[in-house]
Structures are given as structure tokens and as C-alpha cells.
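K.L.:
Structure below; questions to follow.
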Amino acid sequence: MTERIKSLLERTFDKEQAKFRRDVDWKPLLERFVAEGVSDMARARIGLEEMLKAETPAFMDGERLVFLRTVKQIPDLHTEEEMDARRAAGTAFGEKGVVFNMTADFGPAIRDGLETRLLEIDARLAELKSRQDGGFPAQDGSDRESRRPAGGDAEGIEFLENAMLSVKAVIDLAERYDAAGAARPSYQAVAPALRKGARNFHEALQTLRILHYAMWCEGEYHCGLGRIDQYLHPYYKADVESGRLSEDGALEELEEFFIACNRDSDLYIGIQQGDNGQSVMLGGVTRDGKPAFNDLSRLCLKACGELKLVDPKINLRVDKSTPLEIYELGTELTAKGLGFPQYANDDVVIPALQRWGYELEDARDYSVAACWEFLIPGCGMDINNIDAVSFVGALDRALRNLAQRRRDAEGGLRYEDVEKEFFAEIQRRADALVEKYAHVEILPGPFVSVISTDCIKKARDISKGAKYNNFGIHGTGIAVAVDSLASVRELVFEKKLVTLEELVKLLDTDFAGRPDVLAAAKSAPKMGNADARADDLAKWIIGFWGHAFDGKRNDRGGIFRPGTGSAMYYIWHAREVPASPDGRLKGEPLSANWAPSLDVPVKGPVSVVRSFTEPDLGLVCNGGPLTIEIHDSAFAMADGVEKVAHLVKFFIERGGHQMQINTINRETLKDAQKHPERHRHLIVRVWGWSGYFVELDKEYQDQIIKRVELKG
Amino acid sequence: MKGRIFEIREFTLHDGPGVRTTVFMKGCPLRCAWCHNPEGQSFETETMRSAAPGGSAPGADRTVGRDWTPEDLASELLKNADIMAQSGGGVTFSGGEPLAQCGFILETLPLLKAKGVDVAVETSGYVPLESYRAAIPQFDFVYQDVKLLDAAEFRRWTCGDVSVVLDNIAYLRESGVRFVFRVPLVPGVNDSPSDRAAFVEFARGCRMEFLPYNPAAGAKYPLLGRKFPLDGIPDAIR
Ligand code: SF4
């Protein structure tokens with residue numbers, strides 16, 4: 001790491017950039033929108049324009065990649081009342097309602113420059129307008145759009161006009177930067193490349209920085225960066241081959257870009273600080289199926305290893321043929337405690353996406369959303385974490401239904417009845433979500449549309465739909481559900497220790513008065529021990545869950561993709577149920593994602609991997625990783641990296657879909673709760689992202705401390 | 001013949017190459033003052049309170065020590081034969097003193113080796129020479145403890161007779177089996193510069209590694225209702 005980078009890194013970590021920030025009260029703007037009845041589209045554009053106008057070019061000493069946020073708040077474009085009224089009228093929204101949790105098509109925008117897009121918009125506008133006037137006859141009869149009667153495509157025109165102004169607003173800020181920067185020593189202008197297209201690696205990174213920054217300013221959030229090792233590679237390669245750039249020089253550029261990703265990130269708060277969706281996908285295969293891991297992928301891993309920052313969050317695509325060496329490069333980051341890379345398995349994900357209707361070339365181009373949901377950059381407007389089904393909640397309800405019914409009508413209850421009722425409950429919940437999201441709207445993002453695929457051509461904002469418009473629904477708490485089911489089978493039906501009615505009552509009282517039942521529940525089979533008595537249940541639940549949405553469509557033409565992630569639901573869903581039959585007491589959290597229950601005895605990581613790769617994970621490729629925690633002493637020995645790399649490879653070869661590894665030490669975490677000031681740099685993997693432990697709410701900290709820590 | 005085991009741990013990181021499972025055999029004829037696996041010392045099954053790591057539930061009692069037939073143990077271990085093969089790993093027998101249950105080991109090893117599993121052992125060398133000679137050649141690799149070289153010191157800190165170990169080591173050096181000496185450094189016991197120099201001299205021509213002292217070595221004693229022998233020994237010890 002060069003001295004310049006070191007200094008930038010330290011100052012960014014210490015938030016020197018915060019001194020440039022100011023508060024802006026956007027209320028008057030919102031009031032104007034409401035008073036004047038400004039359309040959604042115009043609000044999005046005006047919001048961006050005003051936001052960028054309010055921004056002041058600012059520079060940190062020694063930086064060569066510029067652009068940083070100086071206005072703390074992004075304007076709200078709608079009042080709560082407006083949104084509530086729409087909800088009341090039957091419209092559902094994904095989270096805040098705006099375009100989010102997606103990745104734009106940065107490559108072509110960086111290559112072509114925004115002026116190319118302006119020309120395209122201009123041409124398309126001219127075409128639509130002339131059609132509106134009755135001119136411009138249809139080129140061929142199949143194009144229904146062009147045969148529209150007078151009046152034409154007002155929506156298309158509104159989109160294009162606003163898109164054009166949005167783009168101009170972004171270019172305008174770049175030009176103000178150049179004007180302000182001109183006096184600075186060795187300042188490199190940013191607007192020319194933004195307008196005309198990048199000519200080298202530096203310009204490509206700078207343009208990427210601006211485009212990404214502009215998306216946040218437009219109100220998008222969880223903005224992923226996608227496959228940077230692919231779309232930036234041509235610039236890197238040309239520079240290195242021509243001798244313009246050394247390997248070290250490229251590393252320095254990349255490191256500066258990565259630092260920049262941490263500059264404004266504290267303004268991008270998700271559910272928790274650090275949950276900001278700045279994900280990067282490395283490796284995998286190209287759109288035509290060739291191995292894609294390249295020198296730049298390698299350099300990205302190296303840069304992250306040197307910087308030890310939480311952003312960007314690295315994902316690494318691998319498959320059966322990936323050599324151990326690449327896993328080792330990834331594991332070196334794990335060893336440094338970064339909580340990433342998160343691995344994704346091409347052998348499982350690509351066919352799964354194809355099965356769900358993704359074209360092969362697109363499927364090969366997959367990246368991830370903020371955490372783990374697989375998406376196609378540029379052409380995926382999936383709402384990939386729209387909601388979740390709590391397996392634990394479904395089981396609780398099923399048991400209560402059965403207990404109730406049994407009281408109503410005497411008769412022998414069989415274990416099979418439990419399974420049947422549990423399925424029925426999962427299906428009911430799945431169906432209810434299909435219903436709930438029957439009509440979803442997304443608020444427009446004209447700028448992000450310009451840097452996504454085909455929006456200009458279609459003259460439609462990306463919020464109106466892209467090539468893929470699927471909804472992702474996670475199933476949470478798999479391990480607690482499996483363990484609970486195994487416990488019900490053993491306690492109620494095999495050992496007949498309690499009746500189902502009694503058990504249900506015990507759940508409400510935390511097993512009061514029956515320590516024997518609690519002990520038996522705790523020693524029933526647990527998922528994560530390579531024990532078929534538990535693992536078969538998981539196989540069967542996933543087999544069912546994976547098909548729970550078959551044949552269902554949303555009104556954007558997309559499907560529902562089941563997954564295995566938990567996001568923040570592992571905290572929320574735990575609050576909705578009392579104790580569970582596995583012996584988890586009320587208030588104790590669920591495990592995050594695809595992982596063993598908290599505090600259960602497991603044999604070790606190999607058995608965990610074995611158990612969690614038993615189900616057919618291709619069925620649940622909305623994503624949601626096996627999450628395991630390895631004690632930091634694992635890396636004390638020189639070959640620790642190699643061993644952990646083997647563990648990941650083993651997971652992939654057994655058909656795992658996604659995996660992430662936390663390197664932790666409970667004692668350190670506990671000490672960090674007591675003395676946060678001593679552990680400012682301590683990074684942990686929370687659910688699908690890495691964050692600074694001391695910045696998390698205690699509830700999330702505690703959950704991590706309770707995870708099964710696998711020691712060597 | 002059955003073997004008594006107090007833990008089978010997967011993915012151990014300090015017991016040899018590749019992904020390994022370590023079998024902790026119960027019972028040891030020595031009583032090293034710094035022993036961090038006190039539940040491995042007695043040959044009898046014992047009751048131990050669990051430490052309830054990070055958990056809210058109070059630690060429950062559990063029984064340590066379970067008897068296994070060679071067949072059952074082998075089939076349990078062979079469940080991970082795939083990742084052992086993938087990673088060049090295998091099984092390591094540790095303890096306690098694994099060679100104290102030499103007969104069981106000799107029955108178990110062929111079952112593992114027949115499936116191509118690499119087998120290693122971690123031993124104090126404090127077993128009869130016949131056991132040692134019978135077992136050692138069956139292993140692919142040996143971790144041979146060297147704790148103290150001086151007879152009086154050895155007796156003081158381990159309650160054993162160092163000549164037993166030295167005789168076995170003499171055999172090991174000639175056996176042709178690959179091995180490494182492991183020296184657990186214990187502050188105030190065997191970690192002075194002259195101690196270290198003596199170990200280096202002793203191991204001349206052979207591989208040797210020093211193991212750092214585990215500061216949490218005494219953690220499990222109270223769970224067994226015992227007192228850590230190094231407690232109350234001057235600060236230099238810990
Ligand atoms: S030889 Fe090993 S197991 Fe036996 S007492 Fe000494 S340290 Fe403990």
C-alpha cells in the first residue's frame with residue numbers, strides 16, 4: 001500500500017470527509033411536490049437535480065478519485081400520507097418503494113459516456129414526438145407501439161424528457177467539480193470521460209464512482225457494483241499491456257476506489273449500519289461461458305486484503321473446476337476477519353436461474369443484490385427480498401392447529417399429520433404473500449434507467465419493468481424448524497414423553513415445570529451434525545418450499561423465487577413465536593440464513609457443510625448462504641487458509657449454493673461490547689454483509705456471540 | 001475390544017495436514033501440571049458441567065467418556081473420508097494418551113487405512129515400549145511430545161519417569177516413521193533460554209516445533225470439580 005493510500009485510508013476511516021457535510025431541509029421541496037401535484041417521474045428528476053445542485057465539489061487531500069457527498073439528506077419525494085393512501089388503494093411497495101437492491105449496467109455507460117445516452121434519448125424522443133403528431137409511419141406491422149393513435153406515448157415522452165434532464169444534472173455536477181478542481185495540483189478532469197466515455201482504467205473507475213454516487217442521490221439504495229472485474233477489465237488490460245499502468249499502479253487505483261466506497265457509506269444506512277448493499281461479484285464465467293476469473297479479480301481480492309474495510313462487499317463465483325488456489329485467495333480475506341468473500345456456486349445458480357426463465361447468457365452474468373439474492377445486472381428489476389415466510393412461525397401455527405383440532409375431535413394423531421399440517425401452513429403463508437404483492441409499484445428512477453439495459457429503447461423507466469421482474473421470498477429459520485420437527489417426532493410420537501397439546505402449552509411457558517422435556521428437546525437430533533434424522537427433514541422442507549410458488553406470477557410478469565436467506569428476519573421472526581419445540585426459549589434469536597441453530601452442539605464444520613448441502617439447493621436459488629463462524633485461532637497455523645479453502649471447496653462440490661464465513665472470537669466480541677473504543681476496526685459478518693461490530697445494535701451483536709463457534 | 005473416547009473433533013487445525021478429525025482417547029498415565037484436557041486424564045467416565053459458551057442456558061451436566069467398537073469408530077470417522085481425500089487430510093489420535101489404549105488402536109487403524117485414510121498420532125510416549133513398538137509403525141505420522149528432559153523436573157511436573165519416554169524416542173528415531181517433536185512451552189516450567197537450547201540440542205537432525213502455552217489451560221478443571229495444579233504457583237507461570 002502506498003503512503004498516499006494509507007493516509008487516505010486512515011482519514012476516511014476517521015471520517016475526515018464528514019467535515020464537508022451539511023444538513024439540508026428538503027421539506028419545502030416536498031411541500032411543493034404535493035401542492036403542485038407533481039408527477040412521480042418529475043419528482044424523481046427534480047429531486048436529483050436539486051440534490052446535485054445542493055452538492056458542493058469537495059476534495060480530500062491526496063485523492064485522485066473525486067466525488068463525495070456533502071449534503072447529508074436525500075430529498076424525500078413523497079409524504080407518508082401519500083404513500084399510505086396508495087397502499088390503502090391496493091398498491092404494495094417493496095420497502096421504501098423506490099428502485100433499490102439492484103445493479104445498474106455500468107459497463108456500457110462507462111464505455112459509451114453519458115452523451116451517447118443523451119443522443120439516444122434525443123433520437124427516441126424525436127421518434128415518439130413525431131409519432132404523436134401522426135408522422136413516422138410504422139416500420140413494420142408488428143410494432144404495436146408505433147400504430148398508436150394520436151396522443152401517442154405520453155408516458156414514454158415524460159420518461160425520456162426527465163431522463164435527459166437527470167443525465168444533464170449529473171454531467172453538470174461533474175463540470176462543477178472540474179471547475180473547482182482545476183486549481184488543485186495534478187487534478188484530472190472528470191467530466192470528459194463521463195460525457196464521452198472512459199479511455200483508461202482511472203477514468204473508468206472515476207466514471208463508475210460518479211454513476212454509483214448519482215444513483216444514491218436519485219434515492220436508490222442498496223446499489224450494487226456488480227462484476228467489476230469483468231466490465232473494468234478491458235481498461236485495466238489495455239493500460240497494463242501498453243505500459244501506461246503498472247500492476248502496482250492499478251492496485252493503487254483500485255484501492256482508492258474501494259476506499260471511496262467507504263466514504264459516504266455511513267449515510268447509506270439499511271436496517272443496521274453497514275447494511276448498504278455495495279456488493280461486488282468476482283470470477284465465475286463470461287456470458288459465453290468461459291472462465292472469467294482474471295488478473296483484475298485477483299487484484300480486487302488483494303486490494304481488499306490490504307485495506308480491511310467493510311466495503312465493497314466481495315462475492316466470489318466458483319464452480320467444480322475452480323482450483324484450490326482461487327479459494328485460498330478468498331480465504332486469505334476470511335483469515336483477516338473481513339467476513340467475505342461470500343461464495344456462489346455457478347454449477348447450482350446458473351441452471352437454477354435458467355429453470356426460472358432466465359436466458360442462459362444472462363444467467364451466466366449473475367451478480368448479487370445487497371446481500372445474496374442472485375440478479376442480473378442491468379436487466380434485473382427483481383424485488384428479490386420482498387418478504388419472507390417464517391418456517392418457525394409456520395410450524396408453531398401448525399402445531400397449535402393440530403392441538404386444537406385434536407381437542408375438538410378425538411382420534412389418533414400421527415406424526416405424518418404434523419408434516420402435512422406444517423406444509424399446508426407454509427403453503428397458506430406463501431399464497432398469502434402472492435396475494436399481498438399482487439399489485440406492486442416501484443417509484444421511478446430516470447437516471448438509473450439510463451444506465452440500465454434497454455430503458456431508452458423501450459422509452460420506459462426501469463421501475464415499470466425490466467427484462468426480469470421477479471420477487472424473492474426467503475424462508476427463514478430452517479434449522480430451528482428442522483430441529484423442532486425432529487424434536488416433536490421424538491418427544492411426542494416416538495418417546496411419547498408429552499402429548500402434542502402438552503407440548504404446545506409448554507411452549508408458552510418456556511417449558512415451565514418440565515425440565516425433562518426441555519432436556520429431551522435439546523438432545524433431539526439437530527441439523528448440522530450430518531444426522532439423517534434431522535437432515536432428511538430439511539431435504540423435505542426445501543423440496544416443498546422450493547415449489548411453493550410454482551405457477552404463480554406477479555402482475556409485472558415475474559415469478560416468485562424462494563430462498564434461504566433471512567436478512568433481518570432472523571431477529572424479527574424470533575419475536576413472533578414463543579419457545580420452540582427444539583428447546584429454544586422465548587426471546588432467543590434464530591440462526592441467520594442457512595445455518596445451524598444457535599448454541600447447539602455440532603460435530604464441526606464438515607458435518608455442518610454436509611447437512612446443509614443435503615437439500616436440493618437449486619430449488620431455492622433466491623440465495624441465502626450457509627453461514628458459519630470459525631474461531632480466529634484457525635488461522636494461527638500456516639495451513640489454516642488451505643484447510644478452510646478446502647472446506648469451501650467441499651461445500652461447492654457437494655452442491656452448495658452460497659456460503660459465507662465469519663472469523664470470530666467470542667472473547668474478543670464480548671470485550672468489544674465492553675470497550676468499543678478498542679475495537680473500532682473489528683469486522684463481523686452480520687446476515688449478508690460485513691459491518692463494524694461496534695456499530696451494530698446490541699441485539700445483533702448478541703446474536704453473533706451466540707452463533708456456533710467452530711474451533712479447530 | 002472397545003476404546004474409551006472423550007471427544008471426536010472435526011476439522012482440527014493443529015493435528016496434521018489437510019482436513020482432519022481428531023479422536024481424543026480417554027485416560028493418561030501422566031499428570032502434567034499444565035494439562036489443558038483434564039477430562040482426558042482419568043480412564044473412567046466422568047461427569048462434567050458444560051461451560052455454556054456465550055449461551056444463556058445454564059450449563060448442563062454431561063458424561064465424558066463413551067465406549068466405541070473399532071467398527072463403529074471407523075464408520076463414524078469414514079463419514080468424512082471424502083473431504084479427507086480431497087484435502088490430503090486424515091485422522092489423528094490424541095488424548096489423553098492414545099497409546100495407552102494400544103489394543104483398540106491396533107484394531108481400528110487397519111479399518112481406516114483400508115480406505116486410504118492418513119493416520120497420525122499425538123503421544124506423550126509414556127507407554128510401555130512394547131505398546132509403542134507395536135503401534136508406532138502403523139501410523140503415517142507421529143507427533144511426539146517432549147515435555148522436559150531432566151528426570152527430576154519431569155517427575156515434578158508430570159509425575160512420570162522420563163526414561164520411559166526417552167527409550168521410546170530412541171526407538172522412534174530409528175523406526176523410519178515420519179515424526180516431529182512437539183514441545184509445549186510452559187512459562188516458568190520449561191521455557192527458559194537454556195531449556196529451549198536443550199530442546200534444540202535434543203532434537204538436532206529432527207523436526208521440532210514449540211507450542212505456545214494456552215492461557216486458558218486451566219478452564220476445564222472447575223467443571224470437573226478439580227483444581228488447576230498451576231493455580232497458586234507464582235505469576236511467572238501464567
Ligand atoms: S500427557 Fe497430555 S493428556 Fe496426559 S497429562 Fe500430560 S498433557 Fe495431559
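Each chain of the C-alpha cells is named A, B, ... in the order shown, its residues numbered from 1; ligands are numbered from 1 in display order.
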If we count only C-alpha atoms, what is near Thr663 of chain A at a cut-off of 12 Å, once residues fewer than 3 positions away on the same chain are taken out, given as number ranges by chain?
P.N.:
A: 331-341, 627-636, 640-641, 644, 660, 666, 668-669, 682-686, 690, 704-705, 707-711
K.L.:
Please identify all residues of chain A having at least one atom at most 10 Å from any atom of chain B, considering only C-alpha atoms, and return them as a CSV table (one decimal) with N, CA and C atoms, in the first residue's frame.
P.N.:
```
chain,number,residue,atom,x,y,z
A,324,LEU,N,-8.0,-24.8,-6.2
A,324,LEU,CA,-7.9,-24.5,-4.8
A,324,LEU,C,-7.3,-23.1,-4.6
A,519,ALA,N,-34.8,-30.8,28.4
A,519,ALA,CA,-33.6,-31.5,28.2
A,519,ALA,C,-33.7,-32.5,27.0
A,530,ALA,N,-24.7,-33.9,10.4
A,530,ALA,CA,-24.7,-34.9,9.4
A,530,ALA,C,-25.6,-36.1,9.9
A,584,ARG,N,-35.4,-24.1,22.1
A,584,ARG,CA,-35.1,-22.6,22.1
A,584,ARG,C,-36.1,-21.9,22.9
A,585,LEU,N,-35.7,-21.1,23.8
A,585,LEU,CA,-36.6,-20.4,24.7
A,585,LEU,C,-37.1,-19.1,24.1
A,588,GLU,N,-35.0,-16.0,22.5
A,588,GLU,CA,-33.8,-16.4,21.9
A,588,GLU,C,-33.9,-16.3,20.4
A,598,LEU,N,-28.6,-21.7,17.0
A,598,LEU,CA,-27.6,-21.1,17.9
A,598,LEU,C,-27.4,-22.0,19.1
A,599,ASP,N,-26.1,-22.1,19.5
A,599,ASP,CA,-25.8,-22.8,20.7
A,599,ASP,C,-26.1,-24.3,20.7
A,600,VAL,N,-26.3,-24.9,19.5
A,600,VAL,CA,-26.5,-26.3,19.6
A,600,VAL,C,-25.1,-27.0,19.4
A,602,VAL,N,-22.6,-29.0,17.7
A,602,VAL,CA,-22.4,-29.7,16.4
A,602,VAL,C,-21.0,-30.3,16.4
A,603,LYS,N,-20.9,-31.3,15.5
A,603,LYS,CA,-19.6,-32.0,15.5
A,603,LYS,C,-18.5,-31.1,14.9
A,604,GLY,N,-18.9,-30.3,14.0
A,604,GLY,CA,-17.8,-29.4,13.4
A,604,GLY,C,-18.2,-29.0,12.0
A,605,PRO,N,-17.4,-28.2,11.4
A,605,PRO,CA,-17.8,-27.6,10.1
A,605,PRO,C,-18.0,-28.5,9.0
A,606,VAL,N,-17.3,-29.7,9.0
A,606,VAL,CA,-17.5,-30.6,7.9
A,606,VAL,C,-18.9,-31.2,8.0
A,607,SER,N,-19.4,-31.5,9.2
A,607,SER,CA,-20.7,-32.1,9.3
A,607,SER,C,-21.8,-31.0,9.0
A,610,ARG,N,-22.0,-30.8,5.4
A,610,ARG,CA,-22.6,-32.0,4.9
A,610,ARG,C,-24.2,-31.9,5.0
A,633,SER,N,-8.5,-18.6,15.8
A,633,SER,CA,-7.3,-19.4,16.0
A,633,SER,C,-7.1,-20.3,14.9
A,634,ALA,N,-8.1,-20.6,14.1
A,634,ALA,CA,-8.0,-21.4,12.9
A,634,ALA,C,-6.9,-20.9,12.0
A,635,PHE,N,-6.7,-19.7,12.0
A,635,PHE,CA,-5.7,-19.1,11.1
A,635,PHE,C,-4.3,-18.8,11.7
A,636,ALA,N,-4.2,-19.3,12.9
A,636,ALA,CA,-2.9,-19.2,13.6
A,636,ALA,C,-1.8,-20.0,12.9
A,637,MET,N,-2.3,-21.2,12.4
A,637,MET,CA,-1.3,-22.1,11.8
A,637,MET,C,-1.2,-21.7,10.3
A,638,ALA,N,0.0,-22.0,9.8
A,638,ALA,CA,0.2,-21.5,8.4
A,638,ALA,C,-0.8,-22.2,7.4
A,639,ASP,N,-1.2,-23.4,7.7
A,639,ASP,CA,-2.0,-24.1,6.7
A,639,ASP,C,-3.5,-23.9,7.0
A,640,GLY,N,-3.9,-23.0,7.9
A,640,GLY,CA,-5.3,-22.7,8.2
A,640,GLY,C,-6.0,-22.3,7.0
A,642,GLU,N,-5.4,-22.9,3.9
A,642,GLU,CA,-5.7,-24.0,2.9
A,642,GLU,C,-6.8,-24.9,3.4
A,643,LYS,N,-6.8,-25.1,4.7
A,643,LYS,CA,-7.9,-26.0,5.2
A,643,LYS,C,-9.3,-25.4,5.1
A,644,VAL,N,-9.4,-24.2,5.4
A,644,VAL,CA,-10.7,-23.5,5.3
A,644,VAL,C,-11.1,-23.5,3.8
A,645,ALA,N,-10.1,-23.2,2.9
A,645,ALA,CA,-10.4,-23.2,1.5
A,645,ALA,C,-10.9,-24.6,1.1
A,646,HIS,N,-10.3,-25.6,1.6
A,646,HIS,CA,-10.8,-27.0,1.3
A,646,HIS,C,-12.3,-27.1,1.8
A,647,LEU,N,-12.6,-26.6,2.9
A,647,LEU,CA,-14.0,-26.7,3.4
A,647,LEU,C,-15.0,-26.0,2.4
A,649,LYS,N,-14.5,-25.5,-0.8
A,649,LYS,CA,-14.5,-26.3,-2.0
A,649,LYS,C,-15.4,-27.5,-1.8
A,650,PHE,N,-15.3,-28.1,-0.6
A,650,PHE,CA,-16.1,-29.2,-0.3
A,650,PHE,C,-17.6,-28.9,-0.4
A,651,PHE,N,-17.9,-27.7,0.2
A,651,PHE,CA,-19.3,-27.2,0.1
A,651,PHE,C,-19.8,-27.1,-1.3
A,666,ARG,N,-15.2,-15.2,20.4
A,666,ARG,CA,-16.3,-14.8,21.3
A,666,ARG,C,-15.7,-13.8,22.3
A,667,GLU,N,-14.5,-14.1,22.8
A,667,GLU,CA,-14.0,-13.3,23.9
A,667,GLU,C,-13.7,-11.9,23.3
A,670,LYS,N,-17.0,-10.1,23.1
A,670,LYS,CA,-17.5,-9.6,24.4
A,670,LYS,C,-16.7,-8.4,24.9
A,702,ASP,N,-25.4,-9.5,20.1
A,702,ASP,CA,-25.6,-10.7,20.9
A,702,ASP,C,-25.9,-11.9,20.1
A,703,GLN,N,-26.6,-11.7,19.0
A,703,GLN,CA,-26.9,-12.9,18.2
A,703,GLN,C,-25.6,-13.5,17.6
A,704,ILE,N,-24.7,-12.6,17.2
A,704,ILE,CA,-23.4,-13.2,16.7
A,704,ILE,C,-22.6,-13.9,17.7
A,705,ILE,N,-22.7,-13.4,18.9
A,705,ILE,CA,-21.9,-14.0,20.0
A,705,ILE,C,-22.5,-15.4,20.3
A,706,LYS,N,-23.8,-15.6,20.0
A,706,LYS,CA,-24.4,-16.9,20.3
A,706,LYS,C,-24.2,-17.9,19.2
A,707,ARG,N,-23.7,-17.4,18.1
A,707,ARG,CA,-23.6,-18.4,17.0
A,707,ARG,C,-22.6,-19.5,17.3
A,708,VAL,N,-22.8,-20.6,16.7
A,708,VAL,CA,-21.9,-21.7,17.0
A,708,VAL,C,-20.5,-21.4,16.5
A,709,GLU,N,-19.6,-21.4,17.4
A,709,GLU,CA,-18.2,-21.0,17.0
A,709,GLU,C,-17.4,-22.3,16.8
A,710,LEU,N,-16.9,-22.5,15.6
A,710,LEU,CA,-16.3,-23.8,15.3
A,710,LEU,C,-14.8,-23.7,15.5
A,711,LYS,N,-14.3,-24.4,16.5
A,711,LYS,CA,-12.9,-24.3,16.8
A,711,LYS,C,-12.2,-25.5,16.2
A,712,GLY,N,-10.9,-25.2,15.9
A,712,GLY,CA,-10.1,-26.3,15.3
A,712,GLY,C,-9.5,-27.1,16.5
```
K.L.:
Do you know which residues are at most 7 Å from Leu68 of chain A counting only C-alpha atoms, after dropping those on the same chain fewer than 2 positions away, and could you put them as a list in words?
P.N.:
Ala58, Val66, Thr70 and Asp264 of chain A
K.L.:
Only N, CA, C and O atoms, please: the residues just picked out, written as a JSON list (two decimals), in the first residue's frame.
P.N.:
```
[["chain", "number", "residue", "atom", "x", "y", "z"],
["A", 58, "ALA", "N", -16.06, 18.89, -3.38],
["A", 58, "ALA", "CA", -15.21, 18.86, -2.19],
["A", 58, "ALA", "C", -14.10, 17.85, -2.45],
["A", 58, "ALA", "O", -14.29, 16.87, -3.16],
["A", 66, "VAL", "N", -12.46, 11.55, -7.32],
["A", 66, "VAL", "CA", -13.24, 12.52, -6.56],
["A", 66, "VAL", "C", -14.72, 12.16, -6.54],
["A", 66, "VAL", "O", -15.15, 11.17, -7.12],
["A", 70, "THR", "N", -21.73, 15.86, 0.17],
["A", 70, "THR", "CA", -21.62, 16.97, 1.10],
["A", 70, "THR", "C", -22.96, 17.32, 1.72],
["A", 70, "THR", "O", -23.02, 18.02, 2.72],
["A", 264, "ASP", "N", -18.96, 7.66, 1.86],
["A", 264, "ASP", "CA", -20.30, 8.17, 2.18],
["A", 264, "ASP", "C", -21.16, 7.08, 2.81],
["A", 264, "ASP", "O", -22.33, 7.29, 3.06]]
```
K.L.:
Step one, run DSSP on the backbone; step two, keep only residues of segment 166-363 of chain A assigned to strand (DSSP E); then write them as a PyMOL selection string.
P.N.:
chain A and resi 221-224+279-283+313-318+342-345
K.L.:
Emit the selected residues as a short mmCIF file (atom, residue, chain, number, x, y, z; two decimals), in the first residue's frame, including N, CA, C and O atoms.
P.N.:
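Resulting contents of out.cif:
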```
data_model
loop_
_atom_site.label_atom_id
_atom_site.label_comp_id
_atom_site.auth_asym_id
_atom_site.auth_seq_id
_atom_site.Cartn_x
_atom_site.Cartn_y
_atom_site.Cartn_z
N TYR A 221 -31.18 2.87 -3.26
CA TYR A 221 -30.29 2.41 -2.20
C TYR A 221 -30.00 0.94 -2.40
O TYR A 221 -30.60 0.29 -3.24
N HIS A 222 -29.06 0.42 -1.60
CA HIS A 222 -28.54 -0.92 -1.82
C HIS A 222 -28.06 -1.04 -3.27
O HIS A 222 -28.46 -1.96 -3.99
N CYS A 223 -27.26 -0.07 -3.69
CA CYS A 223 -26.81 -0.07 -5.08
C CYS A 223 -25.56 -0.93 -5.22
O CYS A 223 -24.49 -0.57 -4.72
N GLY A 224 -25.71 -2.05 -5.86
CA GLY A 224 -24.59 -2.96 -6.05
C GLY A 224 -23.66 -2.47 -7.16
O GLY A 224 -24.04 -1.64 -7.99
N SER A 279 -22.25 -4.34 -3.05
CA SER A 279 -21.64 -5.64 -3.30
C SER A 279 -20.92 -5.65 -4.64
O SER A 279 -21.27 -4.95 -5.57
N VAL A 280 -19.93 -6.50 -4.68
CA VAL A 280 -19.14 -6.70 -5.89
C VAL A 280 -19.12 -8.20 -6.14
O VAL A 280 -19.05 -8.99 -5.21
N MET A 281 -19.21 -8.59 -7.41
CA MET A 281 -19.12 -10.01 -7.74
C MET A 281 -17.86 -10.24 -8.57
O MET A 281 -17.65 -9.53 -9.56
N LEU A 282 -17.07 -11.20 -8.17
CA LEU A 282 -15.85 -11.51 -8.92
C LEU A 282 -15.91 -12.93 -9.47
O LEU A 282 -16.59 -13.79 -8.92
N GLY A 283 -15.16 -13.15 -10.53
CA GLY A 283 -14.97 -14.51 -11.05
C GLY A 283 -16.18 -15.05 -11.78
O GLY A 283 -16.98 -14.30 -12.33
N LYS A 313 -18.40 -5.10 -0.58
CA LYS A 313 -18.55 -6.45 -0.04
C LYS A 313 -18.33 -7.46 -1.17
O LYS A 313 -19.06 -7.46 -2.15
N ILE A 314 -17.31 -8.26 -0.99
CA ILE A 314 -16.85 -9.10 -2.10
C ILE A 314 -17.58 -10.44 -2.15
O ILE A 314 -17.73 -11.12 -1.14
N ASN A 315 -18.00 -10.78 -3.35
CA ASN A 315 -18.57 -12.09 -3.63
C ASN A 315 -17.68 -12.75 -4.67
O ASN A 315 -17.14 -12.07 -5.54
N LEU A 316 -17.57 -14.05 -4.56
CA LEU A 316 -16.70 -14.77 -5.48
C LEU A 316 -17.46 -15.96 -6.06
O LEU A 316 -17.95 -16.80 -5.31
N ARG A 317 -17.55 -15.97 -7.38
CA ARG A 317 -18.22 -17.08 -8.04
C ARG A 317 -17.22 -18.20 -8.31
O ARG A 317 -16.13 -17.96 -8.81
N VAL A 318 -17.62 -19.40 -7.96
CA VAL A 318 -16.75 -20.56 -8.17
C VAL A 318 -17.60 -21.70 -8.73
O VAL A 318 -18.82 -21.60 -8.79
N GLN A 342 -18.09 -13.85 0.02
CA GLN A 342 -19.19 -14.80 0.06
C GLN A 342 -19.08 -15.55 -1.27
O GLN A 342 -18.88 -14.94 -2.31
N TYR A 343 -19.18 -16.86 -1.20
CA TYR A 343 -19.01 -17.68 -2.40
C TYR A 343 -20.36 -18.03 -3.01
O TYR A 343 -21.32 -18.29 -2.28
N ALA A 344 -20.40 -18.06 -4.33
CA ALA A 344 -21.61 -18.52 -5.01
C ALA A 344 -21.20 -19.59 -6.01
O ALA A 344 -20.13 -19.50 -6.62
N ASN A 345 -22.04 -20.59 -6.13
CA ASN A 345 -21.70 -21.76 -6.94
C ASN A 345 -22.37 -21.72 -8.31
O ASN A 345 -23.57 -21.94 -8.43
#
```
K.L.:
Write as a PyMOL selection string the residues around ligand 1, taking 7 Å as the cut-off and counting only C-alpha atoms and all ligand atoms.
P.N.:
chain B and resi 28-32+34-38+40-41+95-97+124+158
